[in-house]
Structures are given as C-alpha cells and as structure tokens.
Amino acid sequence: MKFTETHEWIDVKDGVGTVGVTHYAQKELGDIVYVELPKIGSLVKKGQAAAVLESTKAAADVYSPMSGKIIEVNQNLNTNPELVNSSPEKDGWIFKLSLTDVNEFDSLHDKET
C-alpha cells in the first residue's frame, strides 16, 4: 500500500489498484454521509478528482493516486457511507482501477504523510 500527499491510498495487485482515503483524511472530514462514486469505465489520470466524499463538515474530492480505467466501485458505500470512517483502509475502499502506468506507483509515499 502506498499513499499520496492528498491522503489517498492505493493497494496494487496484478495491475489493479484499489483506492481509498487514509485514516487521517476520514478523521479530518468527520462523519461521511454520502459518497459520489466514479463511473465504471471512466479514464482517470494520476492526481485527477475521481470521487467526492460529503461529510457533516465539508465535501472533499478523492484524487486518483495512479492513472487507469475505473473497473469497479464499492457499491456498499451507497447505503453505508460510514464505512469510510469505520474502515477507511479496508471495507471503506472507494474504487478499483485497471492501471495504465504501473511505474507511477514508485512516485507515491511508503507511509501516510
């Protein structure tokens, strides 16, 4: 698992990246009440806004840590957006990407910043 400066994480296995937000990000946002998931099939570039988290405090973009095509979204977040708070780095993942440039992984951080 690697991290971005904007508090997203990505876990890569077999050319597919699972993306979510860090414990720090969800704590700063407060209680998540809605998640605007990306559209399956959309192409995103590294650093591009891909999803939106709405909390009781604010709305925040979720930026893609790597470039690729959205191949899956966490449908559980439609009915249980609080999974982002309770399990941000496991059950609260947001989307999965089929990666177009695996070398981008090397530019990410090893630890949450």
# chains A, B, ... in the order shown; residues from 1 in each chain; ligands from 1
$ select_by_dssp --residues "chain A" --states "alpha helix (DSSP H)" --output "compact mmCIF listing (two decimals) with C-alpha atoms, in the first residue's frame"
# COMPACT_ATOMS: atom_id res chain seq x y z
CA HIS A 23 -7.42 7.30 8.46
CA TYR A 24 -6.18 10.90 8.70
CA ALA A 25 -8.42 12.07 5.83
CA GLN A 26 -11.58 10.50 7.20
CA LYS A 27 -10.83 11.86 10.68
CA GLU A 28 -10.36 15.39 9.30
CA LEU A 29 -13.61 15.20 7.29
CA ASN A 76 -21.68 -0.78 -0.24
CA LEU A 77 -20.90 2.94 0.15
CA ASN A 78 -24.26 3.84 -1.43
CA THR A 79 -26.09 2.52 1.63
CA LEU A 83 -17.64 2.51 6.09
CA VAL A 84 -15.17 5.22 5.01
CA ASN A 85 -14.99 6.27 8.68
CA SER A 86 -15.05 2.86 10.35
$ residues_around --residues "Leu43 of chain A" --least-positions-apart "4" --cutoff "12 Å" --atoms "only C-alpha atoms" --output "short mmCIF file (atom, residue, chain, number, x, y, z; two decimals) with N, CA and C atoms, in the first residue's frame"
data_model
loop_
_atom_site.label_atom_id
_atom_site.label_comp_id
_atom_site.auth_asym_id
_atom_site.auth_seq_id
_atom_site.Cartn_x
_atom_site.Cartn_y
_atom_site.Cartn_z
N PRO A 38 -17.22 7.19 -8.71
CA PRO A 38 -16.94 7.44 -10.12
C PRO A 38 -17.72 6.47 -11.01
N LYS A 39 -17.78 6.80 -12.28
CA LYS A 39 -18.50 5.96 -13.24
C LYS A 39 -17.57 4.85 -13.73
N GLN A 48 -6.07 13.28 -10.70
CA GLN A 48 -7.37 13.80 -11.14
C GLN A 48 -8.45 13.41 -10.13
N ALA A 49 -9.40 14.34 -9.88
CA ALA A 49 -10.52 14.04 -8.99
C ALA A 49 -11.34 12.91 -9.59
N ALA A 50 -11.64 11.90 -8.77
CA ALA A 50 -12.38 10.73 -9.27
C ALA A 50 -13.67 10.47 -8.50
N SER A 64 -7.29 10.37 -7.79
CA SER A 64 -6.74 9.08 -8.16
C SER A 64 -5.22 9.08 -7.96
N MET A 66 -3.14 6.98 -9.15
CA MET A 66 -2.48 6.50 -10.37
C MET A 66 -3.46 6.62 -11.53
N SER A 67 -2.94 6.52 -12.74
CA SER A 67 -3.76 6.59 -13.95
C SER A 67 -4.34 5.23 -14.29
N GLY A 68 -5.57 5.25 -14.82
CA GLY A 68 -6.17 3.99 -15.23
C GLY A 68 -7.64 4.13 -15.56
N LYS A 69 -8.27 2.98 -15.72
CA LYS A 69 -9.70 2.91 -16.05
C LYS A 69 -10.43 2.36 -14.83
N ILE A 70 -11.52 3.03 -14.44
CA ILE A 70 -12.33 2.59 -13.31
C ILE A 70 -13.02 1.28 -13.71
N ILE A 71 -12.73 0.20 -12.96
CA ILE A 71 -13.33 -1.09 -13.31
C ILE A 71 -14.33 -1.58 -12.26
N LYS A 96 -11.77 0.76 -7.87
CA LYS A 96 -10.64 -0.03 -8.36
C LYS A 96 -10.32 0.41 -9.78
N LEU A 97 -9.03 0.44 -10.08
CA LEU A 97 -8.52 0.89 -11.38
C LEU A 97 -7.76 -0.23 -12.07
N SER A 98 -7.96 -0.35 -13.37
CA SER A 98 -7.05 -1.13 -14.20
C SER A 98 -5.96 -0.14 -14.60
N LEU A 99 -4.76 -0.35 -14.09
CA LEU A 99 -3.70 0.65 -14.22
C LEU A 99 -3.13 0.73 -15.63
N THR A 100 -2.85 1.95 -16.06
CA THR A 100 -2.24 2.14 -17.38
C THR A 100 -0.75 2.41 -17.31
#
$ atom_distance --atom1 "atom CA of Glu72 of chain A" --atom2 "atom CA of Lys111 of chain A"
25.2 Å
$ closest_residue --among "A:Leu108, A:Leu53, A:Ala60, A:Ile94" --to "Val33 of chain A" --atoms "only C-alpha atoms"
A:Leu53
$ decode --residues "segment 63-86 of chain A" --atoms "N, CA, C and O atoms" --output "short mmCIF file (atom, residue, chain, number, x, y, z; two decimals), in the first residue's frame"
data_model
loop_
_atom_site.label_atom_id
_atom_site.label_comp_id
_atom_site.auth_asym_id
_atom_site.auth_seq_id
_atom_site.Cartn_x
_atom_site.Cartn_y
_atom_site.Cartn_z
N TYR A 63 -8.77 12.08 -5.07
CA TYR A 63 -7.95 12.11 -6.27
C TYR A 63 -7.35 10.73 -6.54
O TYR A 63 -6.94 10.03 -5.61
N SER A 64 -7.29 10.37 -7.79
CA SER A 64 -6.74 9.08 -8.16
C SER A 64 -5.22 9.08 -7.96
O SER A 64 -4.53 9.92 -8.53
N PRO A 65 -4.69 8.13 -7.20
CA PRO A 65 -3.25 8.08 -6.98
C PRO A 65 -2.46 7.65 -8.22
O PRO A 65 -1.27 7.91 -8.32
N MET A 66 -3.14 6.98 -9.15
CA MET A 66 -2.48 6.50 -10.37
C MET A 66 -3.46 6.62 -11.53
O MET A 66 -4.66 6.77 -11.33
N SER A 67 -2.94 6.52 -12.74
CA SER A 67 -3.76 6.59 -13.95
C SER A 67 -4.34 5.23 -14.29
O SER A 67 -3.70 4.20 -14.07
N GLY A 68 -5.57 5.25 -14.82
CA GLY A 68 -6.17 3.99 -15.23
C GLY A 68 -7.64 4.13 -15.56
O GLY A 68 -8.17 5.23 -15.66
N LYS A 69 -8.27 2.98 -15.72
CA LYS A 69 -9.70 2.91 -16.05
C LYS A 69 -10.43 2.36 -14.83
O LYS A 69 -10.03 1.34 -14.26
N ILE A 70 -11.52 3.03 -14.44
CA ILE A 70 -12.33 2.59 -13.31
C ILE A 70 -13.02 1.28 -13.71
O ILE A 70 -13.77 1.25 -14.69
N ILE A 71 -12.73 0.20 -12.96
CA ILE A 71 -13.33 -1.09 -13.31
C ILE A 71 -14.33 -1.58 -12.26
O ILE A 71 -15.10 -2.50 -12.52
N GLU A 72 -14.31 -0.96 -11.08
CA GLU A 72 -15.23 -1.37 -10.03
C GLU A 72 -15.35 -0.24 -9.02
O GLU A 72 -14.40 0.51 -8.80
N VAL A 73 -16.54 -0.11 -8.43
CA VAL A 73 -16.75 0.85 -7.34
C VAL A 73 -17.34 0.08 -6.16
O VAL A 73 -17.94 -0.99 -6.33
N ASN A 74 -17.15 0.61 -4.98
CA ASN A 74 -17.66 -0.04 -3.77
C ASN A 74 -19.13 0.34 -3.58
O ASN A 74 -19.45 1.35 -2.97
N GLN A 75 -20.02 -0.51 -4.09
CA GLN A 75 -21.46 -0.25 -4.03
C GLN A 75 -21.97 -0.19 -2.59
O GLN A 75 -22.99 0.44 -2.32
N ASN A 76 -21.26 -0.82 -1.64
CA ASN A 76 -21.68 -0.78 -0.24
C ASN A 76 -21.72 0.65 0.29
O ASN A 76 -22.45 0.94 1.24
N LEU A 77 -20.94 1.55 -0.32
CA LEU A 77 -20.90 2.94 0.15
C LEU A 77 -22.18 3.69 -0.17
O LEU A 77 -22.46 4.72 0.43
N ASN A 78 -22.98 3.19 -1.12
CA ASN A 78 -24.26 3.84 -1.43
C ASN A 78 -25.21 3.78 -0.25
O ASN A 78 -25.96 4.72 0.01
N THR A 79 -25.19 2.67 0.48
CA THR A 79 -26.09 2.52 1.63
C THR A 79 -25.38 2.66 2.96
O THR A 79 -26.01 2.91 3.98
N ASN A 80 -24.05 2.50 2.95
CA ASN A 80 -23.26 2.59 4.19
C ASN A 80 -22.03 3.48 4.00
O ASN A 80 -20.90 3.00 4.09
N PRO A 81 -22.22 4.78 3.74
CA PRO A 81 -21.06 5.65 3.52
C PRO A 81 -20.14 5.73 4.74
O PRO A 81 -18.95 6.02 4.61
N GLU A 82 -20.67 5.39 5.92
CA GLU A 82 -19.87 5.45 7.15
C GLU A 82 -18.75 4.40 7.16
O GLU A 82 -17.85 4.46 8.01
N LEU A 83 -18.75 3.46 6.21
CA LEU A 83 -17.64 2.51 6.09
C LEU A 83 -16.32 3.25 5.85
O LEU A 83 -15.26 2.77 6.25
N VAL A 84 -16.39 4.42 5.22
CA VAL A 84 -15.17 5.22 5.01
C VAL A 84 -14.59 5.64 6.36
O VAL A 84 -13.38 5.71 6.52
N ASN A 85 -15.46 5.90 7.34
CA ASN A 85 -14.99 6.27 8.68
C ASN A 85 -14.54 5.05 9.49
O ASN A 85 -13.49 5.08 10.12
N SER A 86 -15.33 4.00 9.47
CA SER A 86 -15.05 2.86 10.35
C SER A 86 -13.94 1.96 9.83
O SER A 86 -13.26 1.30 10.61
#
